[in-house]
$ cat entry_11.json   # JSON, N, CA and C atoms
[["chain", "number", "residue", "atom", "x", "y", "z"],
["A", 12, "MET", "N", 96.22, -10.95, 191.73],
["A", 12, "MET", "CA", 96.85, -11.43, 192.95],
["A", 12, "MET", "C", 98.12, -10.65, 193.25],
["A", 13, "ASP", "N", 98.91, -10.36, 192.21],
["A", 13, "ASP", "CA", 100.14, -9.59, 192.43],
["A", 13, "ASP", "C", 99.85, -8.19, 192.94],
["A", 14, "ASN", "N", 98.73, -7.63, 192.51],
["A", 14, "ASN", "CA", 98.37, -6.29, 192.95],
["A", 14, "ASN", "C", 98.07, -6.28, 194.44],
["A", 15, "LEU", "N", 97.41, -7.31, 194.94],
["A", 15, "LEU", "CA", 97.12, -7.39, 196.38],
["A", 15, "LEU", "C", 98.39, -7.55, 197.19],
["A", 16, "ILE", "N", 99.34, -8.31, 196.68],
["A", 16, "ILE", "CA", 100.61, -8.49, 197.39],
["A", 16, "ILE", "C", 101.36, -7.17, 197.44],
["A", 17, "ASN", "N", 101.37, -6.43, 196.33],
["A", 17, "ASN", "CA", 102.05, -5.13, 196.32],
["A", 17, "ASN", "C", 101.40, -4.15, 197.28],
["A", 18, "ILE", "N", 100.07, -4.17, 197.36],
["A", 18, "ILE", "CA", 99.38, -3.29, 198.30],
["A", 18, "ILE", "C", 99.71, -3.70, 199.74],
["A", 19, "GLY", "N", 99.75, -5.00, 200.00],
["A", 19, "GLY", "CA", 100.10, -5.49, 201.33],
["A", 19, "GLY", "C", 101.51, -5.08, 201.73],
["A", 20, "ILE", "N", 102.45, -5.17, 200.80],
["A", 20, "ILE", "CA", 103.83, -4.76, 201.09],
["A", 20, "ILE", "C", 103.89, -3.27, 201.35],
["A", 21, "LEU", "N", 103.15, -2.48, 200.56],
["A", 21, "LEU", "CA", 103.12, -1.03, 200.74],
["A", 21, "LEU", "C", 102.54, -0.66, 202.11],
["A", 22, "VAL", "N", 101.46, -1.33, 202.49],
["A", 22, "VAL", "CA", 100.85, -1.07, 203.81],
["A", 22, "VAL", "C", 101.82, -1.45, 204.93],
["A", 23, "THR", "N", 102.55, -2.54, 204.74],
["A", 23, "THR", "CA", 103.54, -2.95, 205.74],
["A", 23, "THR", "C", 104.63, -1.90, 205.89],
["A", 24, "TYR", "N", 105.13, -1.37, 204.77],
["A", 24, "TYR", "CA", 106.14, -0.31, 204.83],
["A", 24, "TYR", "C", 105.62, 0.93, 205.55],
["A", 25, "VAL", "N", 104.38, 1.30, 205.28],
["A", 25, "VAL", "CA", 103.80, 2.47, 205.93],
["A", 25, "VAL", "C", 103.67, 2.23, 207.43],
["A", 26, "MET", "N", 103.24, 1.03, 207.82],
["A", 26, "MET", "CA", 103.10, 0.72, 209.25],
["A", 26, "MET", "C", 104.46, 0.71, 209.96],
["A", 27, "ILE", "N", 105.48, 0.18, 209.29],
["A", 27, "ILE", "CA", 106.82, 0.18, 209.89],
["A", 27, "ILE", "C", 107.32, 1.62, 210.04],
["A", 28, "GLY", "N", 107.04, 2.46, 209.04],
["A", 28, "GLY", "CA", 107.44, 3.87, 209.13],
["A", 28, "GLY", "C", 106.74, 4.59, 210.27],
["A", 29, "ILE", "N", 105.45, 4.34, 210.43],
["A", 29, "ILE", "CA", 104.70, 4.97, 211.53],
["A", 29, "ILE", "C", 105.22, 4.47, 212.88],
["A", 30, "ALA", "N", 105.49, 3.19, 212.99],
["A", 30, "ALA", "CA", 106.02, 2.64, 214.26],
["A", 30, "ALA", "C", 107.39, 3.24, 214.57],
["A", 31, "THR", "N", 108.25, 3.36, 213.56],
["A", 31, "THR", "CA", 109.57, 3.93, 213.78],
["A", 31, "THR", "C", 109.47, 5.38, 214.21],
["A", 32, "LEU", "N", 108.61, 6.14, 213.55],
["A", 32, "LEU", "CA", 108.43, 7.54, 213.92],
["A", 32, "LEU", "C", 107.88, 7.68, 215.33],
["A", 33, "THR", "N", 106.94, 6.80, 215.70],
["A", 33, "THR", "CA", 106.38, 6.83, 217.05],
["A", 33, "THR", "C", 107.45, 6.52, 218.09],
["A", 34, "ILE", "N", 108.29, 5.54, 217.82],
["A", 34, "ILE", "CA", 109.37, 5.19, 218.75],
["A", 34, "ILE", "C", 110.31, 6.36, 218.95],
["A", 35, "ILE", "N", 110.67, 7.02, 217.86],
["A", 35, "ILE", "CA", 111.60, 8.15, 217.95],
["A", 35, "ILE", "C", 110.98, 9.30, 218.71],
["A", 36, "VAL", "N", 109.71, 9.63, 218.41],
["A", 36, "VAL", "CA", 109.05, 10.75, 219.09],
["A", 36, "VAL", "C", 108.92, 10.49, 220.58],
["A", 37, "PHE", "N", 108.47, 9.31, 220.98],
["A", 37, "PHE", "CA", 108.32, 9.02, 222.40],
["A", 37, "PHE", "C", 109.67, 8.89, 223.10],
["A", 38, "GLY", "N", 110.68, 8.41, 222.39],
["A", 38, "GLY", "CA", 112.02, 8.36, 222.97],
["A", 38, "GLY", "C", 112.57, 9.75, 223.26],
["A", 39, "VAL", "N", 112.41, 10.66, 222.31],
["A", 39, "VAL", "CA", 112.87, 12.04, 222.52],
["A", 39, "VAL", "C", 112.06, 12.71, 223.62],
["A", 40, "LYS", "N", 110.74, 12.46, 223.65],
["A", 40, "LYS", "CA", 109.89, 13.03, 224.71],
["A", 40, "LYS", "C", 110.34, 12.53, 226.08],
["A", 41, "ASN", "N", 110.67, 11.25, 226.19],
["A", 41, "ASN", "CA", 111.11, 10.68, 227.46],
["A", 41, "ASN", "C", 112.47, 11.25, 227.87],
["A", 42, "ILE", "N", 113.36, 11.43, 226.90],
["A", 42, "ILE", "CA", 114.68, 12.00, 227.21],
["A", 42, "ILE", "C", 114.53, 13.43, 227.72],
["A", 43, "LEU", "N", 113.66, 14.20, 227.10],
["A", 43, "LEU", "CA", 113.48, 15.59, 227.52],
["A", 43, "LEU", "C", 112.76, 15.72, 228.85],
["A", 44, "SER", "N", 111.87, 14.78, 229.17],
["A", 44, "SER", "CA", 111.13, 14.87, 230.43],
["A", 44, "SER", "C", 111.90, 14.31, 231.61],
["A", 45, "ASN", "N", 112.83, 13.41, 231.37],
["A", 45, "ASN", "CA", 113.59, 12.78, 232.45],
["A", 45, "ASN", "C", 115.07, 13.10, 232.25],
["A", 46, "THR", "N", 115.49, 14.25, 232.73],
["A", 46, "THR", "CA", 116.85, 14.71, 232.47],
["A", 46, "THR", "C", 117.90, 13.96, 233.27],
["A", 47, "ARG", "N", 117.50, 13.29, 234.36],
["A", 47, "ARG", "CA", 118.47, 12.56, 235.16],
["A", 47, "ARG", "C", 119.06, 11.37, 234.40],
["A", 48, "ASN", "N", 118.21, 10.68, 233.68],
["A", 48, "ASN", "CA", 118.67, 9.52, 232.93],
["A", 48, "ASN", "C", 119.21, 9.88, 231.55],
["A", 49, "THR", "N", 119.05, 11.13, 231.14],
["A", 49, "THR", "CA", 119.49, 11.54, 229.82],
["A", 49, "THR", "C", 121.00, 11.39, 229.67],
["A", 50, "LYS", "N", 121.73, 11.75, 230.70],
["A", 50, "LYS", "CA", 123.19, 11.66, 230.63],
["A", 50, "LYS", "C", 123.64, 10.21, 230.47],
["A", 51, "LYS", "N", 123.02, 9.29, 231.20],
["A", 51, "LYS", "CA", 123.36, 7.87, 231.08],
["A", 51, "LYS", "C", 123.03, 7.35, 229.69],
["A", 52, "THR", "N", 121.89, 7.76, 229.16],
["A", 52, "THR", "CA", 121.49, 7.33, 227.82],
["A", 52, "THR", "C", 122.46, 7.84, 226.77],
["A", 53, "LEU", "N", 122.85, 9.09, 226.88],
["A", 53, "LEU", "CA", 123.79, 9.66, 225.91],
["A", 53, "LEU", "C", 125.16, 9.01, 226.00],
["A", 54, "TYR", "N", 125.61, 8.67, 227.22],
["A", 54, "TYR", "CA", 126.88, 7.95, 227.37],
["A", 54, "TYR", "C", 126.81, 6.57, 226.72],
["A", 55, "THR", "N", 125.68, 5.89, 226.86],
["A", 55, "THR", "CA", 125.52, 4.57, 226.25],
["A", 55, "THR", "C", 125.54, 4.67, 224.73],
["A", 56, "ILE", "N", 124.82, 5.63, 224.19],
["A", 56, "ILE", "CA", 124.81, 5.82, 222.74],
["A", 56, "ILE", "C", 126.19, 6.19, 222.23],
["A", 57, "LEU", "N", 126.89, 7.05, 222.96],
["A", 57, "LEU", "CA", 128.25, 7.44, 222.57],
["A", 57, "LEU", "C", 129.19, 6.23, 222.63],
["A", 58, "GLY", "N", 129.04, 5.39, 223.64],
["A", 58, "GLY", "CA", 129.86, 4.19, 223.74],
["A", 58, "GLY", "C", 129.64, 3.24, 222.58],
["A", 59, "LEU", "N", 128.37, 3.04, 222.18],
["A", 59, "LEU", "CA", 128.08, 2.20, 221.03],
["A", 59, "LEU", "C", 128.66, 2.79, 219.75],
["A", 60, "PHE", "N", 128.57, 4.11, 219.61],
["A", 60, "PHE", "CA", 129.13, 4.78, 218.44],
["A", 60, "PHE", "C", 130.64, 4.61, 218.39],
["A", 61, "VAL", "N", 131.30, 4.73, 219.54],
["A", 61, "VAL", "CA", 132.76, 4.55, 219.59],
["A", 61, "VAL", "C", 133.13, 3.12, 219.21],
["A", 62, "ILE", "N", 132.38, 2.14, 219.69],
["A", 62, "ILE", "CA", 132.63, 0.75, 219.34],
["A", 62, "ILE", "C", 132.46, 0.54, 217.84],
["A", 63, "CYS", "N", 131.44, 1.16, 217.26],
["A", 63, "CYS", "CA", 131.23, 1.05, 215.81],
["A", 63, "CYS", "C", 132.40, 1.63, 215.03],
["A", 64, "VAL", "N", 132.85, 2.81, 215.43],
["A", 64, "VAL", "CA", 133.96, 3.46, 214.71],
["A", 64, "VAL", "C", 135.25, 2.66, 214.87],
["A", 65, "VAL", "N", 135.54, 2.21, 216.07],
["A", 65, "VAL", "CA", 136.76, 1.43, 216.30],
["A", 65, "VAL", "C", 136.71, 0.13, 215.51],
["A", 66, "SER", "N", 135.56, -0.53, 215.49],
["A", 66, "SER", "CA", 135.42, -1.77, 214.73],
["A", 66, "SER", "C", 135.66, -1.53, 213.25],
["A", 67, "TYR", "N", 135.13, -0.44, 212.72],
["A", 67, "TYR", "CA", 135.31, -0.13, 211.31],
["A", 67, "TYR", "C", 136.76, 0.18, 210.99],
["A", 68, "LEU", "N", 137.44, 0.88, 211.90],
["A", 68, "LEU", "CA", 138.84, 1.24, 211.66],
["A", 68, "LEU", "C", 139.76, 0.02, 211.76],
["A", 69, "ILE", "N", 139.41, -0.93, 212.61],
["A", 69, "ILE", "CA", 140.22, -2.13, 212.78],
["A", 69, "ILE", "C", 140.02, -3.10, 211.61],
["A", 70, "ALA", "N", 138.82, -3.12, 211.04],
["A", 70, "ALA", "CA", 138.47, -4.12, 210.03],
["A", 70, "ALA", "C", 139.33, -3.95, 208.77],
["A", 71, "SER", "N", 139.71, -5.09, 208.21],
["A", 71, "SER", "CA", 140.51, -5.10, 207.00],
["A", 71, "SER", "C", 139.60, -5.06, 205.77],
["A", 72, "ASP", "N", 140.07, -4.41, 204.71],
["A", 72, "ASP", "CA", 139.30, -4.37, 203.47],
["A", 72, "ASP", "C", 139.84, -5.36, 202.43],
["A", 73, "GLU", "N", 140.63, -6.31, 202.89],
["A", 73, "GLU", "CA", 141.22, -7.30, 202.00],
["A", 73, "GLU", "C", 140.16, -8.31, 201.56],
["A", 74, "VAL", "N", 140.14, -8.59, 200.26],
["A", 74, "VAL", "CA", 139.23, -9.60, 199.71],
["A", 74, "VAL", "C", 140.08, -10.81, 199.35],
["A", 75, "LEU", "N", 139.78, -11.95, 199.96],
["A", 75, "LEU", "CA", 140.54, -13.17, 199.69],
["A", 75, "LEU", "C", 140.24, -13.70, 198.29],
["A", 76, "GLN", "N", 141.17, -14.47, 197.75],
["A", 76, "GLN", "CA", 141.02, -15.04, 196.40],
["A", 76, "GLN", "C", 139.76, -15.89, 196.31],
["A", 77, "SER", "N", 139.46, -16.62, 197.38],
["A", 77, "SER", "CA", 138.31, -17.53, 197.34],
["A", 77, "SER", "C", 136.97, -16.79, 197.28],
["A", 78, "TYR", "N", 136.95, -15.52, 197.63],
["A", 78, "TYR", "CA", 135.70, -14.74, 197.62],
["A", 78, "TYR", "C", 135.56, -13.86, 196.39],
["A", 79, "GLU", "N", 136.54, -13.82, 195.54],
["A", 79, "GLU", "CA", 136.46, -12.97, 194.35],
["A", 79, "GLU", "C", 135.39, -13.45, 193.38],
["A", 80, "LYS", "N", 135.09, -14.75, 193.39],
["A", 80, "LYS", "CA", 134.06, -15.27, 192.49],
["A", 80, "LYS", "C", 132.67, -14.78, 192.88],
["A", 81, "TYR", "N", 132.50, -14.30, 194.11],
["A", 81, "TYR", "CA", 131.21, -13.75, 194.55],
["A", 81, "TYR", "C", 131.11, -12.25, 194.30],
["A", 82, "LYS", "N", 132.14, -11.67, 193.70],
["A", 82, "LYS", "CA", 132.18, -10.24, 193.36],
["A", 82, "LYS", "C", 131.99, -9.35, 194.60],
["A", 83, "ILE", "N", 132.74, -9.67, 195.65],
["A", 83, "ILE", "CA", 132.70, -8.88, 196.87],
["A", 83, "ILE", "C", 133.71, -7.76, 196.76],
["A", 84, "SER", "N", 133.27, -6.54, 197.00],
["A", 84, "SER", "CA", 134.17, -5.39, 196.93],
["A", 84, "SER", "C", 134.92, -5.22, 198.25],
["A", 85, "SER", "N", 135.92, -4.37, 198.22],
["A", 85, "SER", "CA", 136.69, -4.13, 199.45],
["A", 85, "SER", "C", 135.84, -3.42, 200.50],
["A", 86, "THR", "N", 134.91, -2.57, 200.07],
["A", 86, "THR", "CA", 134.03, -1.89, 201.02],
["A", 86, "THR", "C", 133.10, -2.89, 201.70],
["A", 87, "GLN", "N", 132.55, -3.81, 200.93],
["A", 87, "GLN", "CA", 131.69, -4.83, 201.53],
["A", 87, "GLN", "C", 132.47, -5.69, 202.51],
["A", 88, "SER", "N", 133.69, -6.02, 202.14],
["A", 88, "SER", "CA", 134.53, -6.84, 203.02],
["A", 88, "SER", "C", 134.82, -6.10, 204.33],
["A", 89, "GLN", "N", 135.09, -4.81, 204.23],
["A", 89, "GLN", "CA", 135.36, -4.04, 205.45],
["A", 89, "GLN", "C", 134.11, -3.90, 206.31],
["A", 90, "ASN", "N", 132.94, -3.72, 205.68],
["A", 90, "ASN", "CA", 131.70, -3.61, 206.45],
["A", 90, "ASN", "C", 131.38, -4.92, 207.18],
["A", 91, "VAL", "N", 131.58, -6.04, 206.50],
["A", 91, "VAL", "CA", 131.33, -7.34, 207.15],
["A", 91, "VAL", "C", 132.33, -7.56, 208.29],
["A", 92, "GLY", "N", 133.59, -7.22, 208.04],
["A", 92, "GLY", "CA", 134.60, -7.35, 209.09],
["A", 92, "GLY", "C", 134.29, -6.47, 210.29],
["A", 93, "ALA", "N", 133.82, -5.25, 210.03],
["A", 93, "ALA", "CA", 133.46, -4.35, 211.14],
["A", 93, "ALA", "C", 132.29, -4.91, 211.93],
["A", 94, "GLY", "N", 131.32, -5.49, 211.24],
["A", 94, "GLY", "CA", 130.18, -6.09, 211.93],
["A", 94, "GLY", "C", 130.59, -7.25, 212.81],
["A", 95, "LEU", "N", 131.49, -8.07, 212.30],
["A", 95, "LEU", "CA", 131.97, -9.21, 213.10],
["A", 95, "LEU", "C", 132.77, -8.75, 214.31],
["A", 96, "ILE", "N", 133.65, -7.78, 214.11],
["A", 96, "ILE", "CA", 134.45, -7.27, 215.23],
["A", 96, "ILE", "C", 133.54, -6.62, 216.27],
["A", 97, "MET", "N", 132.53, -5.87, 215.81],
["A", 97, "MET", "CA", 131.59, -5.25, 216.73],
["A", 97, "MET", "C", 130.84, -6.31, 217.52],
["A", 98, "PHE", "N", 130.44, -7.39, 216.86],
["A", 98, "PHE", "CA", 129.76, -8.49, 217.54],
["A", 98, "PHE", "C", 130.67, -9.10, 218.60],
["A", 99, "TYR", "N", 131.93, -9.33, 218.26],
["A", 99, "TYR", "CA", 132.86, -9.92, 219.23],
["A", 99, "TYR", "C", 133.05, -9.00, 220.44],
["A", 100, "ILE", "N", 133.24, -7.71, 220.20],
["A", 100, "ILE", "CA", 133.45, -6.77, 221.30],
["A", 100, "ILE", "C", 132.22, -6.72, 222.21],
["A", 101, "LEU", "N", 131.04, -6.59, 221.61],
["A", 101, "LEU", "CA", 129.82, -6.50, 222.41],
["A", 101, "LEU", "C", 129.53, -7.80, 223.14],
["A", 102, "SER", "N", 129.86, -8.94, 222.53],
["A", 102, "SER", "CA", 129.68, -10.22, 223.21],
["A", 102, "SER", "C", 130.58, -10.34, 224.42],
["A", 103, "VAL", "N", 131.84, -9.97, 224.27],
["A", 103, "VAL", "CA", 132.78, -10.02, 225.39],
["A", 103, "VAL", "C", 132.32, -9.08, 226.51],
["A", 104, "LEU", "N", 131.86, -7.88, 226.14],
["A", 104, "LEU", "CA", 131.37, -6.94, 227.15],
["A", 104, "LEU", "C", 130.14, -7.47, 227.88],
["A", 105, "ALA", "N", 129.22, -8.08, 227.14],
["A", 105, "ALA", "CA", 128.01, -8.63, 227.77],
["A", 105, "ALA", "C", 128.35, -9.78, 228.71],
["A", 106, "ILE", "N", 129.19, -10.68, 228.26],
["A", 106, "ILE", "CA", 129.58, -11.82, 229.11],
["A", 106, "ILE", "C", 130.34, -11.34, 230.34],
["A", 107, "SER", "N", 131.21, -10.35, 230.15],
["A", 107, "SER", "CA", 131.96, -9.79, 231.28],
["A", 107, "SER", "C", 131.02, -9.13, 232.29],
["A", 108, "ALA", "N", 130.01, -8.42, 231.81],
["A", 108, "ALA", "CA", 129.06, -7.78, 232.72],
["A", 108, "ALA", "C", 128.26, -8.81, 233.50],
["A", 109, "ILE", "N", 127.87, -9.89, 232.85],
["A", 109, "ILE", "CA", 127.13, -10.95, 233.54],
["A", 109, "ILE", "C", 128.01, -11.62, 234.59],
["A", 110, "LEU", "N", 129.24, -11.94, 234.23],
["A", 110, "LEU", "CA", 130.15, -12.57, 235.19],
["A", 110, "LEU", "C", 130.44, -11.64, 236.37],
["A", 111, "TYR", "N", 130.66, -10.36, 236.09],
["A", 111, "TYR", "CA", 130.92, -9.41, 237.17],
["A", 111, "TYR", "C", 129.72, -9.33, 238.12],
["A", 112, "ALA", "N", 128.52, -9.26, 237.56],
["A", 112, "ALA", "CA", 127.32, -9.15, 238.41],
["A", 112, "ALA", "C", 127.16, -10.40, 239.28],
["A", 113, "GLU", "N", 127.37, -11.57, 238.70],
["A", 113, "GLU", "CA", 127.18, -12.80, 239.46],
["A", 113, "GLU", "C", 128.30, -13.01, 240.48],
["A", 114, "LEU", "N", 129.54, -12.75, 240.09],
["A", 114, "LEU", "CA", 130.65, -12.98, 241.00],
["A", 114, "LEU", "C", 130.66, -11.94, 242.14],
["A", 115, "SER", "N", 130.21, -10.72, 241.88],
["A", 115, "SER", "CA", 130.16, -9.73, 242.94],
["A", 115, "SER", "C", 129.12, -10.11, 243.97],
["A", 116, "LYS", "N", 128.03, -10.77, 243.54],
["A", 116, "LYS", "CA", 127.03, -11.24, 244.50],
["A", 116, "LYS", "C", 127.61, -12.36, 245.37],
["A", 117, "VAL", "N", 128.39, -13.24, 244.76],
["A", 117, "VAL", "CA", 128.96, -14.37, 245.50],
["A", 117, "VAL", "C", 129.96, -13.89, 246.54],
["A", 118, "PHE", "N", 130.85, -12.99, 246.16],
["A", 118, "PHE", "CA", 131.91, -12.55, 247.06],
["A", 118, "PHE", "C", 131.45, -11.50, 248.06],
["A", 119, "SER", "N", 130.30, -10.89, 247.85],
["A", 119, "SER", "CA", 129.83, -9.88, 248.80],
["A", 119, "SER", "C", 129.14, -10.52, 250.01],
["A", 120, "LYS", "N", 128.81, -11.78, 249.91],
["A", 120, "LYS", "CA", 128.12, -12.45, 251.03],
["A", 120, "LYS", "C", 129.06, -12.93, 252.08]]

$ encode --input "entry_11.json" --output "structure tokens"
Amino acid sequence: MDNLINIGILVTYVMIGIATLTIIVFGVKNILSNTRNTKKTLYTILGLFVICVVSYLIASDEVLQSYEKYKISSTQSQNVGAGLIMFYILSVLAISAILYAELSKVFSK
């Protein structure tokens, strides 16, 4: 029974790898065939990268006394902090974009 589970997990990993490779290949093909939207796509990716870097630089690597029993390192603490800060920034941006879109429709009428 364990052998079948291991084979199933291996097949799942192979399928995920094939799907990921297919997504990347078709994404690059689409970027190369549609050059007008390529600049917008690259700006979006660059913006996300900047948010990631800024979040990581802002995040503290301090480990509180209460978390030392879980053996959390300063690197792990900084990575978790960066993830939380990135979530907060992207949430504020998403909510702001929704509010702007809705309020601009209301005031344009």

$ atom_distance --input "entry_11.json" --atom1 "atom CA of A:Gly58" --atom2 "atom CA of A:Val103"
14.6 Å

$ atom_distance --input "entry_11.json" --atom1 "atom C of A:Val64" --atom2 "atom N of A:Ile96"
10.6 Å

$ select_by_dssp --input "entry_11.json" --residues "stretch 73-111 of chain A" --states "alpha helix (DSSP H)" --output "list in words"
Ser85, Thr86, Gln87, Ser88, Gln89, Asn90, Val91, Gly92, Ala93, Gly94, Leu95, Ile96, Met97, Phe98, Tyr99, Ile100, Leu101, Ser102, Val103, Leu104, Ala105, Ile106, Ser107, Ala108, Ile109, Leu110 and Tyr111 of chain A

$ atom_distance --input "entry_11.json" --atom1 "atom CA of A:Gln87" --atom2 "atom CA of A:Asp72"
7.9 Å

$ residues_around --input "entry_11.json" --residues "A:Ala70" --least-positions-apart "5" --cutoff "6 Å" --atoms "only N, CA and C atoms" --output "NGL selection string"
:A and (65 or 89 or 92-93)

$ residues_around --input "entry_11.json" --residues "A:Ser85" --least-positions-apart "5" --cutoff "7 Å" --atoms "all atoms listed in the file" --output "MDAnalysis selection string"
chainID A and resid 71:74 90

$ decode --input "entry_11.json" --residues "stretch 25-96 of chain A" --atoms "C-alpha atoms" --output "PDB file, in the first residue's frame"
ATOM      1  CA  VAL A  25       5.556  15.062 -12.349  1.00  0.00           C
ATOM      2  CA  MET A  26       2.136  16.434 -13.337  1.00  0.00           C
ATOM      3  CA  ILE A  27       2.703  19.632 -11.342  1.00  0.00           C
ATOM      4  CA  GLY A  28       6.102  20.026 -13.029  1.00  0.00           C
ATOM      5  CA  ILE A  29       4.597  19.564 -16.492  1.00  0.00           C
ATOM      6  CA  ALA A  30       1.798  22.045 -15.716  1.00  0.00           C
ATOM      7  CA  THR A  31       4.295  24.609 -14.411  1.00  0.00           C
ATOM      8  CA  LEU A  32       6.506  24.217 -17.467  1.00  0.00           C
ATOM      9  CA  THR A  33       3.484  24.549 -19.765  1.00  0.00           C
ATOM     10  CA  ILE A  34       2.366  27.735 -18.006  1.00  0.00           C
ATOM     11  CA  ILE A  35       5.824  29.267 -18.327  1.00  0.00           C
ATOM     12  CA  VAL A  36       6.218  28.310 -22.003  1.00  0.00           C
ATOM     13  CA  PHE A  37       2.803  29.656 -23.031  1.00  0.00           C
ATOM     14  CA  GLY A  38       3.306  32.784 -20.921  1.00  0.00           C
ATOM     15  CA  VAL A  39       6.616  33.554 -22.639  1.00  0.00           C
ATOM     16  CA  LYS A  40       5.061  32.763 -26.049  1.00  0.00           C
ATOM     17  CA  ASN A  41       2.193  35.178 -25.323  1.00  0.00           C
ATOM     18  CA  ILE A  42       4.588  37.901 -24.160  1.00  0.00           C
ATOM     19  CA  LEU A  43       6.670  37.570 -27.310  1.00  0.00           C
ATOM     20  CA  SER A  44       3.662  37.523 -29.649  1.00  0.00           C
ATOM     21  CA  ASN A  45       1.839  40.463 -28.043  1.00  0.00           C
ATOM     22  CA  THR A  46       4.435  43.187 -27.583  1.00  0.00           C
ATOM     23  CA  ARG A  47       1.890  45.892 -26.748  1.00  0.00           C
ATOM     24  CA  ASN A  48       0.938  44.309 -23.450  1.00  0.00           C
ATOM     25  CA  THR A  49       4.491  43.194 -22.679  1.00  0.00           C
ATOM     26  CA  LYS A  50       5.444  46.555 -21.214  1.00  0.00           C
ATOM     27  CA  LYS A  51       2.417  46.555 -18.883  1.00  0.00           C
ATOM     28  CA  THR A  52       3.183  43.002 -17.782  1.00  0.00           C
ATOM     29  CA  LEU A  53       6.812  43.808 -17.064  1.00  0.00           C
ATOM     30  CA  TYR A  54       5.812  46.919 -15.074  1.00  0.00           C
ATOM     31  CA  THR A  55       3.438  44.800 -12.988  1.00  0.00           C
ATOM     32  CA  ILE A  56       6.089  42.166 -12.308  1.00  0.00           C
ATOM     33  CA  LEU A  57       8.616  44.883 -11.450  1.00  0.00           C
ATOM     34  CA  GLY A  58       6.107  46.504  -9.084  1.00  0.00           C
ATOM     35  CA  LEU A  59       5.510  43.209  -7.275  1.00  0.00           C
ATOM     36  CA  PHE A  60       9.264  42.652  -7.026  1.00  0.00           C
ATOM     37  CA  VAL A  61       9.743  46.141  -5.550  1.00  0.00           C
ATOM     38  CA  ILE A  62       6.996  45.475  -2.996  1.00  0.00           C
ATOM     39  CA  CYS A  63       8.703  42.195  -2.054  1.00  0.00           C
ATOM     40  CA  VAL A  64      12.093  43.864  -1.598  1.00  0.00           C
ATOM     41  CA  VAL A  65      10.683  46.795   0.379  1.00  0.00           C
ATOM     42  CA  SER A  66       8.699  44.426   2.607  1.00  0.00           C
ATOM     43  CA  TYR A  67      11.803  42.350   3.300  1.00  0.00           C
ATOM     44  CA  LEU A  68      13.885  45.434   4.095  1.00  0.00           C
ATOM     45  CA  ILE A  69      11.239  46.835   6.446  1.00  0.00           C
ATOM     46  CA  ALA A  70      10.671  43.537   8.287  1.00  0.00           C
ATOM     47  CA  SER A  71      12.369  43.076  11.638  1.00  0.00           C
ATOM     48  CA  ASP A  72      14.462  39.998  12.396  1.00  0.00           C
ATOM     49  CA  GLU A  73      13.787  40.219  16.126  1.00  0.00           C
ATOM     50  CA  VAL A  74      12.648  37.001  17.796  1.00  0.00           C
ATOM     51  CA  LEU A  75      10.460  37.597  20.844  1.00  0.00           C
ATOM     52  CA  GLN A  76      11.081  35.687  24.084  1.00  0.00           C
ATOM     53  CA  SER A  77       7.731  33.924  23.775  1.00  0.00           C
ATOM     54  CA  TYR A  78       8.725  32.406  20.403  1.00  0.00           C
ATOM     55  CA  GLU A  79      12.153  31.111  21.389  1.00  0.00           C
ATOM     56  CA  LYS A  80      10.627  27.847  22.610  1.00  0.00           C
ATOM     57  CA  TYR A  81       9.590  27.129  18.996  1.00  0.00           C
ATOM     58  CA  LYS A  82      13.230  27.505  17.838  1.00  0.00           C
ATOM     59  CA  ILE A  83      12.455  30.267  15.355  1.00  0.00           C
ATOM     60  CA  SER A  84      15.557  31.819  13.823  1.00  0.00           C
ATOM     61  CA  SER A  85      15.969  35.480  12.991  1.00  0.00           C
ATOM     62  CA  THR A  86      15.817  34.673   9.266  1.00  0.00           C
ATOM     63  CA  GLN A  87      12.503  32.886   9.675  1.00  0.00           C
ATOM     64  CA  SER A  88      11.180  35.787  11.707  1.00  0.00           C
ATOM     65  CA  GLN A  89      12.202  38.265   9.021  1.00  0.00           C
ATOM     66  CA  ASN A  90      10.650  36.138   6.254  1.00  0.00           C
ATOM     67  CA  VAL A  91       7.348  35.883   8.125  1.00  0.00           C
ATOM     68  CA  GLY A  92       7.408  39.615   8.837  1.00  0.00           C
ATOM     69  CA  ALA A  93       8.093  40.364   5.173  1.00  0.00           C
ATOM     70  CA  GLY A  94       5.182  38.154   4.139  1.00  0.00           C
ATOM     71  CA  LEU A  95       2.831  39.927   6.520  1.00  0.00           C
ATOM     72  CA  ILE A  96       3.967  43.390   5.432  1.00  0.00           C
TER      73      ILE A  96
END
